[in-house]
Amino acid sequence: MRWKMGRRSSNIEDRRGGSSMPTAAGGGLGLLVIALVAAFFGVDPSLILDQANQLENQPTSSAPGNRPAAENELVDFVSVVLADTEDTWETLFRQGGQTYRKPKLVLFSGQTSSACGLGKAAMGPFYCPADQKVYIDLSFYNDLKERHQAPGDFAQAYVIAHEVGHHVQTLLGVSQKVYELRSRFSKVEGNQLSVRQELQADCFAGIWAHHANRTRQILEQGDVEEALNAASSIGDDRLQQQAGGRVTPESFTHGSSAQRVKWFKVGLQKGSLKDCDTFATRNL
């Protein structure tokens, strides 16, 4: 992937080196507001208040000083990919008569607090709609390479683009609609909605790759295969097999390997939001 000449994003929040609790404006009142916002997005507000009690006396971390060169380069890479998603989605939103609000990307080590509760490295990267931030422990990339056998810089970029895809869903109102519908359905039906939401985020990641390559020629030979391999390696069926259990489609929350590959390719080939409507199709 050609990335070193790319713009760096200023929307990186570095919490590596320790746990941190976002400062709530107005003390307890501000924290209560965050809890209410979290509840609106389907997050148990008690999680927010519990985290506040647990982390109240812990020092917030500042940006680390000396780091290994490889880790510094990875942070640089993440910043460039985030900036590239910003440029892509700003353009697409502007073309649609809308304004794109850029998300923050939080780097953390081990665990950190969010408006959606405590985030842990074992969870992998995630997006919190309540604070509109993407969270990632960089150790996940080693896990992606070693455990999931999905190496490569474009595989790493796909992961960021997928989480940014969830931010796009929040801005478009998709996340809220899914939350409202899930409250009315059974667990199995709710899982099916979650799968459709995740596959749309995969498709949005493909949209980013489509437009970034068309305007900035970022792709090199083998890059697409890296992303497809990453999408395949973290399909629900593959993960269930690795865990030694049987494959149970009714418990899927992210989609099968084949589905994740399919929808990333749709976004990559079409580059259009209308082609990523995973909620309108029967055959995922």
# chains A, B, ... in the order shown; residues from 1 in each chain; ligands from 1

call {"tool": "residues_around", "arguments": {"residues": "Val78 of chain A", "least_positions_apart": "5", "cutoff": "12 Å", "atoms": "only C-alpha atoms", "output": "ChimeraX atom specification"}}
result
/A:3-4,6-14,71-73,83-85,104-107,134-138,141,153-161

call {"tool": "write_last_selection", "arguments": {"atoms": "N, CA and C atoms", "output": "compact mmCIF listing (two decimals), in the first residue's frame"}}
result
# COMPACT_ATOMS: atom_id res chain seq x y z
N TRP A 3 1.40 4.62 1.16
CA TRP A 3 0.81 5.45 2.19
C TRP A 3 1.73 6.53 2.74
N LYS A 4 3.03 6.39 2.60
CA LYS A 4 3.96 7.26 3.32
C LYS A 4 3.90 8.72 2.89
N GLY A 6 1.07 10.19 2.28
CA GLY A 6 -0.27 10.66 2.59
C GLY A 6 -0.31 11.68 3.72
N ARG A 7 -1.43 12.39 3.81
CA ARG A 7 -1.66 13.36 4.88
C ARG A 7 -1.85 12.62 6.20
N ARG A 8 -1.40 13.23 7.29
CA ARG A 8 -1.60 12.69 8.63
C ARG A 8 -2.81 13.35 9.29
N SER A 9 -3.62 12.55 9.96
CA SER A 9 -4.79 13.09 10.65
C SER A 9 -4.42 13.67 12.00
N SER A 10 -5.09 14.73 12.38
CA SER A 10 -4.90 15.33 13.70
C SER A 10 -5.90 14.76 14.71
N ASN A 11 -6.73 13.83 14.28
CA ASN A 11 -7.79 13.31 15.14
C ASN A 11 -7.39 12.00 15.82
N ILE A 12 -6.15 11.95 16.28
CA ILE A 12 -5.64 10.79 17.02
C ILE A 12 -5.55 11.16 18.50
N GLU A 13 -6.12 10.33 19.35
CA GLU A 13 -6.05 10.52 20.80
C GLU A 13 -5.22 9.36 21.37
N ASP A 14 -4.04 9.67 21.86
CA ASP A 14 -3.10 8.65 22.29
C ASP A 14 -3.19 8.41 23.79
N GLU A 71 6.76 0.59 16.16
CA GLU A 71 5.48 1.04 16.70
C GLU A 71 5.19 2.48 16.28
N ASN A 72 6.20 3.31 16.27
CA ASN A 72 6.02 4.69 15.80
C ASN A 72 5.57 4.72 14.35
N GLU A 73 6.14 3.83 13.54
CA GLU A 73 5.74 3.78 12.14
C GLU A 73 4.30 3.30 12.00
N ALA A 83 -6.70 9.69 8.00
CA ALA A 83 -6.80 10.90 7.19
C ALA A 83 -7.39 10.59 5.82
N ASP A 84 -7.01 9.46 5.27
CA ASP A 84 -7.52 9.10 3.95
C ASP A 84 -9.01 8.79 3.99
N THR A 85 -9.46 8.15 5.07
CA THR A 85 -10.91 7.93 5.20
C THR A 85 -11.63 9.26 5.36
N LYS A 104 -12.84 10.63 16.14
CA LYS A 104 -11.54 10.52 16.78
C LYS A 104 -11.12 9.05 16.77
N LEU A 105 -9.82 8.80 16.69
CA LEU A 105 -9.30 7.44 16.81
C LEU A 105 -8.44 7.39 18.06
N VAL A 106 -8.82 6.51 18.99
CA VAL A 106 -8.14 6.40 20.27
C VAL A 106 -7.17 5.21 20.24
N LEU A 107 -5.90 5.47 20.51
CA LEU A 107 -4.91 4.43 20.68
C LEU A 107 -4.80 4.12 22.17
N VAL A 134 -13.30 5.74 17.40
CA VAL A 134 -12.77 4.42 17.07
C VAL A 134 -11.68 4.10 18.07
N TYR A 135 -11.69 2.89 18.62
CA TYR A 135 -10.70 2.48 19.61
C TYR A 135 -9.88 1.30 19.09
N ILE A 136 -8.57 1.37 19.26
CA ILE A 136 -7.72 0.27 18.82
C ILE A 136 -6.46 0.15 19.68
N ASP A 137 -6.20 -1.07 20.13
CA ASP A 137 -4.92 -1.40 20.74
C ASP A 137 -4.07 -1.96 19.60
N LEU A 138 -2.91 -1.36 19.38
CA LEU A 138 -2.10 -1.73 18.23
C LEU A 138 -1.62 -3.17 18.27
N TYR A 141 -2.92 -5.81 15.69
CA TYR A 141 -2.36 -6.07 14.37
C TYR A 141 -1.41 -7.27 14.38
N ASP A 153 -0.13 -4.46 5.21
CA ASP A 153 -0.59 -3.13 5.60
C ASP A 153 -2.00 -2.83 5.14
N PHE A 154 -2.40 -3.39 3.99
CA PHE A 154 -3.76 -3.10 3.55
C PHE A 154 -4.80 -3.87 4.37
N ALA A 155 -4.41 -5.02 4.90
CA ALA A 155 -5.28 -5.72 5.84
C ALA A 155 -5.49 -4.85 7.08
N GLN A 156 -4.43 -4.20 7.53
CA GLN A 156 -4.53 -3.30 8.68
C GLN A 156 -5.40 -2.09 8.36
N ALA A 157 -5.27 -1.58 7.15
CA ALA A 157 -6.07 -0.43 6.74
C ALA A 157 -7.55 -0.80 6.67
N TYR A 158 -7.84 -2.01 6.19
CA TYR A 158 -9.23 -2.49 6.12
C TYR A 158 -9.89 -2.45 7.49
N VAL A 159 -9.16 -2.84 8.52
CA VAL A 159 -9.72 -2.85 9.87
C VAL A 159 -10.15 -1.45 10.29
N ILE A 160 -9.31 -0.46 10.04
CA ILE A 160 -9.65 0.92 10.38
C ILE A 160 -10.84 1.39 9.55
N ALA A 161 -10.81 1.10 8.26
CA ALA A 161 -11.89 1.54 7.37
C ALA A 161 -13.22 0.92 7.77

call {"tool": "select_by_dssp", "arguments": {"residues": "segment 35-223 of chain A", "states": "helix (DSSP H, G or I)", "output": "compact mmCIF listing (two decimals) with N, CA and C atoms, in the first residue's frame"}}
result
# COMPACT_ATOMS: atom_id res chain seq x y z
N ALA A 35 -23.73 9.14 30.23
CA ALA A 35 -24.46 7.90 30.49
C ALA A 35 -25.80 7.90 29.77
N LEU A 36 -26.48 9.05 29.75
CA LEU A 36 -27.77 9.13 29.06
C LEU A 36 -27.59 8.97 27.56
N VAL A 37 -26.54 9.57 27.01
CA VAL A 37 -26.26 9.41 25.58
C VAL A 37 -25.97 7.95 25.27
N ALA A 38 -25.20 7.29 26.13
CA ALA A 38 -24.90 5.88 25.93
C ALA A 38 -26.17 5.05 25.94
N ALA A 39 -27.09 5.37 26.85
CA ALA A 39 -28.35 4.65 26.92
C ALA A 39 -29.16 4.81 25.65
N PHE A 40 -29.09 5.98 25.05
CA PHE A 40 -29.81 6.24 23.79
C PHE A 40 -29.34 5.30 22.70
N PRO A 45 -26.31 2.28 30.83
CA PRO A 45 -25.65 3.44 31.45
C PRO A 45 -24.92 3.09 32.74
N SER A 46 -25.32 1.98 33.40
CA SER A 46 -24.62 1.61 34.63
C SER A 46 -23.17 1.25 34.35
N LEU A 47 -22.88 0.79 33.10
CA LEU A 47 -21.50 0.49 32.74
C LEU A 47 -20.65 1.75 32.80
N ILE A 48 -21.21 2.86 32.34
CA ILE A 48 -20.47 4.11 32.34
C ILE A 48 -20.20 4.57 33.77
N LEU A 49 -21.23 4.50 34.61
CA LEU A 49 -21.08 4.95 35.98
C LEU A 49 -20.13 4.03 36.76
N ASP A 50 -20.20 2.72 36.48
CA ASP A 50 -19.29 1.79 37.14
C ASP A 50 -17.85 2.08 36.76
N GLN A 51 -17.63 2.36 35.47
CA GLN A 51 -16.27 2.65 35.02
C GLN A 51 -15.75 3.92 35.68
N ALA A 52 -16.63 4.88 35.88
CA ALA A 52 -16.22 6.13 36.52
C ALA A 52 -15.74 5.86 37.95
N ASN A 53 -16.50 4.99 38.65
CA ASN A 53 -16.10 4.68 40.03
C ASN A 53 -14.78 3.92 40.08
N GLN A 54 -14.59 3.00 39.11
CA GLN A 54 -13.38 2.18 39.11
C GLN A 54 -12.14 2.99 38.75
N LEU A 55 -12.31 3.95 37.84
CA LEU A 55 -11.15 4.66 37.30
C LEU A 55 -10.97 6.07 37.86
N ALA A 69 10.80 1.98 17.03
CA ALA A 69 10.61 2.60 15.71
C ALA A 69 9.46 1.94 14.96
N ALA A 70 9.32 0.61 15.08
CA ALA A 70 8.26 -0.10 14.37
C ALA A 70 6.88 0.35 14.85
N GLU A 71 6.76 0.59 16.16
CA GLU A 71 5.48 1.04 16.70
C GLU A 71 5.19 2.48 16.28
N ASN A 72 6.20 3.31 16.27
CA ASN A 72 6.02 4.69 15.80
C ASN A 72 5.57 4.72 14.35
N GLU A 73 6.14 3.83 13.54
CA GLU A 73 5.74 3.78 12.14
C GLU A 73 4.30 3.30 12.00
N LEU A 74 3.89 2.37 12.86
CA LEU A 74 2.52 1.88 12.82
C LEU A 74 1.54 2.98 13.20
N VAL A 75 1.90 3.79 14.20
CA VAL A 75 1.05 4.93 14.57
C VAL A 75 0.95 5.91 13.40
N ASP A 76 2.06 6.14 12.74
CA ASP A 76 2.08 7.01 11.56
C ASP A 76 1.16 6.46 10.48
N PHE A 77 1.23 5.16 10.27
CA PHE A 77 0.39 4.49 9.28
C PHE A 77 -1.09 4.66 9.61
N VAL A 78 -1.45 4.42 10.87
CA VAL A 78 -2.84 4.56 11.30
C VAL A 78 -3.34 5.98 11.06
N SER A 79 -2.47 6.96 11.34
CA SER A 79 -2.84 8.36 11.14
C SER A 79 -3.09 8.67 9.68
N VAL A 80 -2.28 8.08 8.80
CA VAL A 80 -2.46 8.32 7.37
C VAL A 80 -3.75 7.67 6.87
N VAL A 81 -4.01 6.44 7.30
CA VAL A 81 -5.24 5.76 6.87
C VAL A 81 -6.47 6.51 7.36
N LEU A 82 -6.45 6.96 8.62
CA LEU A 82 -7.57 7.72 9.14
C LEU A 82 -7.78 8.99 8.32
N ALA A 83 -6.70 9.69 8.00
CA ALA A 83 -6.80 10.90 7.19
C ALA A 83 -7.39 10.59 5.82
N ASP A 84 -7.01 9.46 5.27
CA ASP A 84 -7.52 9.10 3.95
C ASP A 84 -9.01 8.79 3.99
N THR A 85 -9.46 8.15 5.07
CA THR A 85 -10.91 7.93 5.20
C THR A 85 -11.63 9.26 5.36
N GLU A 86 -11.01 10.20 6.07
CA GLU A 86 -11.61 11.53 6.24
C GLU A 86 -11.80 12.21 4.89
N ASP A 87 -10.75 12.17 4.07
CA ASP A 87 -10.81 12.82 2.76
C ASP A 87 -11.88 12.18 1.87
N THR A 88 -11.94 10.84 1.91
CA THR A 88 -12.91 10.12 1.08
C THR A 88 -14.33 10.43 1.50
N TRP A 89 -14.62 10.29 2.78
CA TRP A 89 -16.01 10.46 3.24
C TRP A 89 -16.44 11.92 3.24
N GLU A 90 -15.51 12.85 3.46
CA GLU A 90 -15.87 14.27 3.32
C GLU A 90 -16.34 14.57 1.90
N THR A 91 -15.63 14.02 0.93
CA THR A 91 -16.01 14.25 -0.47
C THR A 91 -17.36 13.62 -0.78
N LEU A 92 -17.57 12.38 -0.35
CA LEU A 92 -18.82 11.68 -0.66
C LEU A 92 -20.01 12.34 0.04
N PHE A 93 -19.83 12.75 1.28
CA PHE A 93 -20.92 13.43 2.00
C PHE A 93 -21.23 14.77 1.34
N ARG A 94 -20.18 15.49 0.95
CA ARG A 94 -20.39 16.78 0.29
C ARG A 94 -21.15 16.61 -1.01
N GLN A 95 -20.83 15.58 -1.76
CA GLN A 95 -21.54 15.31 -3.01
C GLN A 95 -23.01 14.99 -2.76
N ALA A 121 -8.28 -4.84 25.07
CA ALA A 121 -7.55 -5.27 23.87
C ALA A 121 -8.12 -6.56 23.31
N ALA A 122 -8.58 -7.47 24.19
CA ALA A 122 -9.10 -8.76 23.75
C ALA A 122 -10.36 -8.62 22.89
N MET A 123 -11.03 -7.48 23.00
CA MET A 123 -12.24 -7.25 22.21
C MET A 123 -11.91 -6.93 20.76
N SER A 139 -1.68 -3.81 19.44
CA SER A 139 -1.30 -5.21 19.52
C SER A 139 -2.24 -6.10 18.71
N PHE A 140 -3.42 -5.57 18.38
CA PHE A 140 -4.36 -6.34 17.56
C PHE A 140 -3.75 -6.70 16.21
N TYR A 141 -2.92 -5.81 15.69
CA TYR A 141 -2.36 -6.07 14.37
C TYR A 141 -1.41 -7.27 14.38
N ASN A 142 -0.74 -7.47 15.49
CA ASN A 142 0.09 -8.68 15.60
C ASN A 142 -0.81 -9.91 15.68
N ASP A 143 -1.92 -9.77 16.40
CA ASP A 143 -2.90 -10.86 16.50
C ASP A 143 -3.48 -11.17 15.13
N LEU A 144 -3.76 -10.12 14.35
CA LEU A 144 -4.30 -10.30 13.01
C LEU A 144 -3.31 -11.09 12.14
N LYS A 145 -2.05 -10.78 12.31
CA LYS A 145 -1.02 -11.44 11.50
C LYS A 145 -0.75 -12.86 11.97
N GLU A 146 -0.57 -13.04 13.28
CA GLU A 146 -0.15 -14.34 13.80
C GLU A 146 -1.31 -15.31 14.01
N ASP A 153 -0.13 -4.46 5.21
CA ASP A 153 -0.59 -3.13 5.60
C ASP A 153 -2.00 -2.83 5.14
N PHE A 154 -2.40 -3.39 3.99
CA PHE A 154 -3.76 -3.10 3.55
C PHE A 154 -4.80 -3.87 4.37
N ALA A 155 -4.41 -5.02 4.90
CA ALA A 155 -5.28 -5.72 5.84
C ALA A 155 -5.49 -4.85 7.08
N GLN A 156 -4.43 -4.20 7.53
CA GLN A 156 -4.53 -3.30 8.68
C GLN A 156 -5.40 -2.09 8.36
N ALA A 157 -5.27 -1.58 7.15
CA ALA A 157 -6.07 -0.43 6.74
C ALA A 157 -7.55 -0.80 6.67
N TYR A 158 -7.84 -2.01 6.19
CA TYR A 158 -9.23 -2.49 6.12
C TYR A 158 -9.89 -2.45 7.49
N VAL A 159 -9.16 -2.84 8.52
CA VAL A 159 -9.72 -2.85 9.87
C VAL A 159 -10.15 -1.45 10.29
N ILE A 160 -9.31 -0.46 10.04
CA ILE A 160 -9.65 0.92 10.38
C ILE A 160 -10.84 1.39 9.55
N ALA A 161 -10.81 1.10 8.26
CA ALA A 161 -11.89 1.54 7.37
C ALA A 161 -13.22 0.92 7.77
N HIS A 162 -13.20 -0.32 8.25
CA HIS A 162 -14.43 -0.97 8.72
C HIS A 162 -15.01 -0.23 9.92
N GLU A 163 -14.18 0.10 10.89
CA GLU A 163 -14.67 0.81 12.08
C GLU A 163 -15.16 2.21 11.71
N VAL A 164 -14.47 2.88 10.80
CA VAL A 164 -14.94 4.18 10.31
C VAL A 164 -16.28 4.00 9.60
N GLY A 165 -16.46 2.84 8.96
CA GLY A 165 -17.75 2.55 8.34
C GLY A 165 -18.89 2.58 9.34
N HIS A 166 -18.62 2.13 10.56
CA HIS A 166 -19.65 2.22 11.61
C HIS A 166 -19.93 3.68 11.96
N HIS A 167 -18.91 4.52 11.91
CA HIS A 167 -19.13 5.95 12.15
C HIS A 167 -20.03 6.54 11.06
N VAL A 168 -19.79 6.14 9.83
CA VAL A 168 -20.64 6.59 8.72
C VAL A 168 -22.08 6.16 8.97
N GLN A 169 -22.27 4.94 9.45
CA GLN A 169 -23.62 4.45 9.76
C GLN A 169 -24.28 5.31 10.84
N THR A 170 -23.51 5.74 11.81
CA THR A 170 -24.05 6.61 12.86
C THR A 170 -24.50 7.94 12.28
N LEU A 171 -23.67 8.52 11.43
CA LEU A 171 -24.01 9.81 10.83
C LEU A 171 -25.22 9.71 9.92
N LEU A 172 -25.40 8.56 9.27
CA LEU A 172 -26.52 8.37 8.35
C LEU A 172 -27.80 7.92 9.06
N VAL A 174 -28.24 4.98 10.49
CA VAL A 174 -28.42 3.53 10.40
C VAL A 174 -28.31 2.89 11.78
N SER A 175 -27.31 3.30 12.55
CA SER A 175 -27.07 2.69 13.86
C SER A 175 -28.28 2.86 14.78
N GLN A 176 -28.88 4.04 14.77
CA GLN A 176 -30.04 4.29 15.62
C GLN A 176 -31.21 3.41 15.20
N LYS A 177 -31.44 3.28 13.90
CA LYS A 177 -32.55 2.46 13.41
C LYS A 177 -32.37 1.00 13.79
N VAL A 178 -31.12 0.51 13.69
CA VAL A 178 -30.85 -0.88 14.07
C VAL A 178 -31.11 -1.09 15.55
N TYR A 179 -30.68 -0.13 16.37
CA TYR A 179 -30.92 -0.24 17.81
C TYR A 179 -32.41 -0.27 18.11
N GLU A 180 -33.19 0.58 17.47
CA GLU A 180 -34.62 0.61 17.71
C GLU A 180 -35.29 -0.69 17.30
N LEU A 181 -34.88 -1.25 16.17
CA LEU A 181 -35.47 -2.50 15.68
C LEU A 181 -35.08 -3.68 16.56
N ARG A 182 -33.84 -3.71 17.03
CA ARG A 182 -33.39 -4.84 17.83
C ARG A 182 -34.16 -4.93 19.14
N LYS A 187 -33.62 -12.49 20.09
CA LYS A 187 -32.16 -12.46 20.05
C LYS A 187 -31.64 -12.90 18.69
N VAL A 188 -32.25 -13.95 18.12
CA VAL A 188 -31.81 -14.44 16.82
C VAL A 188 -32.05 -13.39 15.74
N GLU A 189 -33.23 -12.76 15.76
CA GLU A 189 -33.53 -11.71 14.79
C GLU A 189 -32.61 -10.50 14.99
N GLY A 190 -32.31 -10.20 16.26
CA GLY A 190 -31.39 -9.10 16.55
C GLY A 190 -30.00 -9.39 16.02
N ASN A 191 -29.56 -10.65 16.14
CA ASN A 191 -28.26 -11.04 15.59
C ASN A 191 -28.23 -10.85 14.08
N GLN A 192 -29.33 -11.18 13.41
CA GLN A 192 -29.40 -11.02 11.97
C GLN A 192 -29.28 -9.56 11.56
N LEU A 193 -29.88 -8.68 12.34
CA LEU A 193 -29.73 -7.24 12.08
C LEU A 193 -28.28 -6.80 12.28
N SER A 194 -27.66 -7.34 13.34
CA SER A 194 -26.26 -7.01 13.60
C SER A 194 -25.37 -7.45 12.45
N VAL A 195 -25.64 -8.63 11.90
CA VAL A 195 -24.87 -9.12 10.75
C VAL A 195 -24.99 -8.16 9.58
N ARG A 196 -26.20 -7.71 9.30
CA ARG A 196 -26.41 -6.79 8.19
C ARG A 196 -25.68 -5.47 8.42
N GLN A 197 -25.67 -5.02 9.67
CA GLN A 197 -24.97 -3.78 9.99
C GLN A 197 -23.46 -3.94 9.80
N GLU A 198 -22.92 -5.07 10.24
CA GLU A 198 -21.48 -5.32 10.09
C GLU A 198 -21.08 -5.48 8.63
N LEU A 199 -21.91 -6.17 7.86
CA LEU A 199 -21.59 -6.35 6.45
C LEU A 199 -21.66 -5.03 5.69
N GLN A 200 -22.55 -4.15 6.11
CA GLN A 200 -22.59 -2.83 5.48
C GLN A 200 -21.32 -2.05 5.80
N ALA A 201 -20.81 -2.19 7.03
CA ALA A 201 -19.54 -1.54 7.38
C ALA A 201 -18.40 -2.10 6.53
N ASP A 202 -18.43 -3.40 6.24
CA ASP A 202 -17.44 -3.98 5.32
C ASP A 202 -17.56 -3.37 3.93
N CYS A 203 -18.79 -3.20 3.49
CA CYS A 203 -19.03 -2.59 2.17
C CYS A 203 -18.54 -1.14 2.15
N PHE A 204 -18.77 -0.42 3.23
CA PHE A 204 -18.29 0.97 3.33
C PHE A 204 -16.76 1.01 3.30
N ALA A 205 -16.12 0.01 3.92
CA ALA A 205 -14.66 -0.07 3.85
C ALA A 205 -14.21 -0.23 2.40
N GLY A 206 -14.97 -1.03 1.66
CA GLY A 206 -14.68 -1.19 0.23
C GLY A 206 -14.87 0.10 -0.54
N ILE A 207 -15.89 0.88 -0.18
CA ILE A 207 -16.11 2.18 -0.83
C ILE A 207 -14.90 3.08 -0.63
N TRP A 208 -14.39 3.10 0.61
CA TRP A 208 -13.19 3.91 0.86
C TRP A 208 -12.05 3.47 -0.04
N ALA A 209 -11.80 2.16 -0.12
CA ALA A 209 -10.70 1.66 -0.94
C ALA A 209 -10.90 2.02 -2.41
N HIS A 210 -12.13 1.93 -2.88
CA HIS A 210 -12.46 2.26 -4.28
C HIS A 210 -12.06 3.69 -4.60
N HIS A 211 -12.52 4.63 -3.77
CA HIS A 211 -12.30 6.05 -4.07
C HIS A 211 -10.87 6.49 -3.75
N ALA A 212 -10.29 5.93 -2.69
CA ALA A 212 -8.91 6.28 -2.35
C ALA A 212 -7.96 5.85 -3.45
N ASN A 213 -8.22 4.69 -4.03
CA ASN A 213 -7.34 4.23 -5.11
C ASN A 213 -7.57 5.00 -6.40
N ARG A 214 -8.83 5.35 -6.65
CA ARG A 214 -9.13 6.08 -7.88
C ARG A 214 -8.53 7.48 -7.87
N THR A 215 -8.52 8.13 -6.70
CA THR A 215 -8.03 9.51 -6.63
C THR A 215 -6.58 9.62 -6.20
N ARG A 216 -6.11 8.63 -5.40
CA ARG A 216 -4.76 8.75 -4.84
C ARG A 216 -3.85 7.57 -5.16
N ASP A 223 -2.56 -6.00 -2.54
CA ASP A 223 -3.27 -5.29 -1.47
C ASP A 223 -4.71 -5.77 -1.31

call {"tool": "select_by_dssp", "arguments": {"residues": "segment 32-262 of chain A", "states": "strand (DSSP E)", "output": "JSON, numbers by chain"}}
result
{"A": [104, 105, 106, 107, 111, 112, 113, 114, 117, 118, 119, 120, 126, 127, 128, 133, 134, 135, 136]}

call {"tool": "atom_distance", "arguments": {"atom1": "atom CA of Gln149 of chain A", "atom2": "atom CA of Val224 of chain A"}}
result
15.3 Å

call {"tool": "atom_distance", "arguments": {"atom1": "atom CA of Phe279 of chain A", "atom2": "atom CA of Arg260 of chain A"}}
result
14.5 Å

call {"tool": "residues_around", "arguments": {"residues": "Met1 of chain A", "least_positions_apart": "4", "cutoff": "6 Å", "atoms": "only C-alpha atoms", "output": "PyMOL selection string"}}
result
chain A and resi 218-220

call {"tool": "write_last_selection", "arguments": {"atoms": "N, CA, C and O atoms", "output": "mmCIF file, in the first residue's frame"}}
result
data_model
loop_
_atom_site.group_PDB
_atom_site.id
_atom_site.type_symbol
_atom_site.label_atom_id
_atom_site.label_comp_id
_atom_site.auth_asym_id
_atom_site.auth_seq_id
_atom_site.Cartn_x
_atom_site.Cartn_y
_atom_site.Cartn_z
ATOM 1 N N ILE A 218 -3.531 4.362 -4.157
ATOM 2 C CA ILE A 218 -2.883 3.806 -2.975
ATOM 3 C C ILE A 218 -2.572 2.309 -3.090
ATOM 4 O O ILE A 218 -1.729 1.792 -2.359
ATOM 5 N N LEU A 219 -3.271 1.608 -3.983
ATOM 6 C CA LEU A 219 -3.159 0.156 -4.019
ATOM 7 C C LEU A 219 -1.935 -0.322 -4.787
ATOM 8 O O LEU A 219 -1.607 0.197 -5.857
ATOM 9 N N GLU A 220 -1.282 -1.337 -4.226
ATOM 10 C CA GLU A 220 -0.192 -2.031 -4.878
ATOM 11 C C GLU A 220 -0.612 -3.478 -5.112
ATOM 12 O O GLU A 220 -1.639 -3.937 -4.592
#
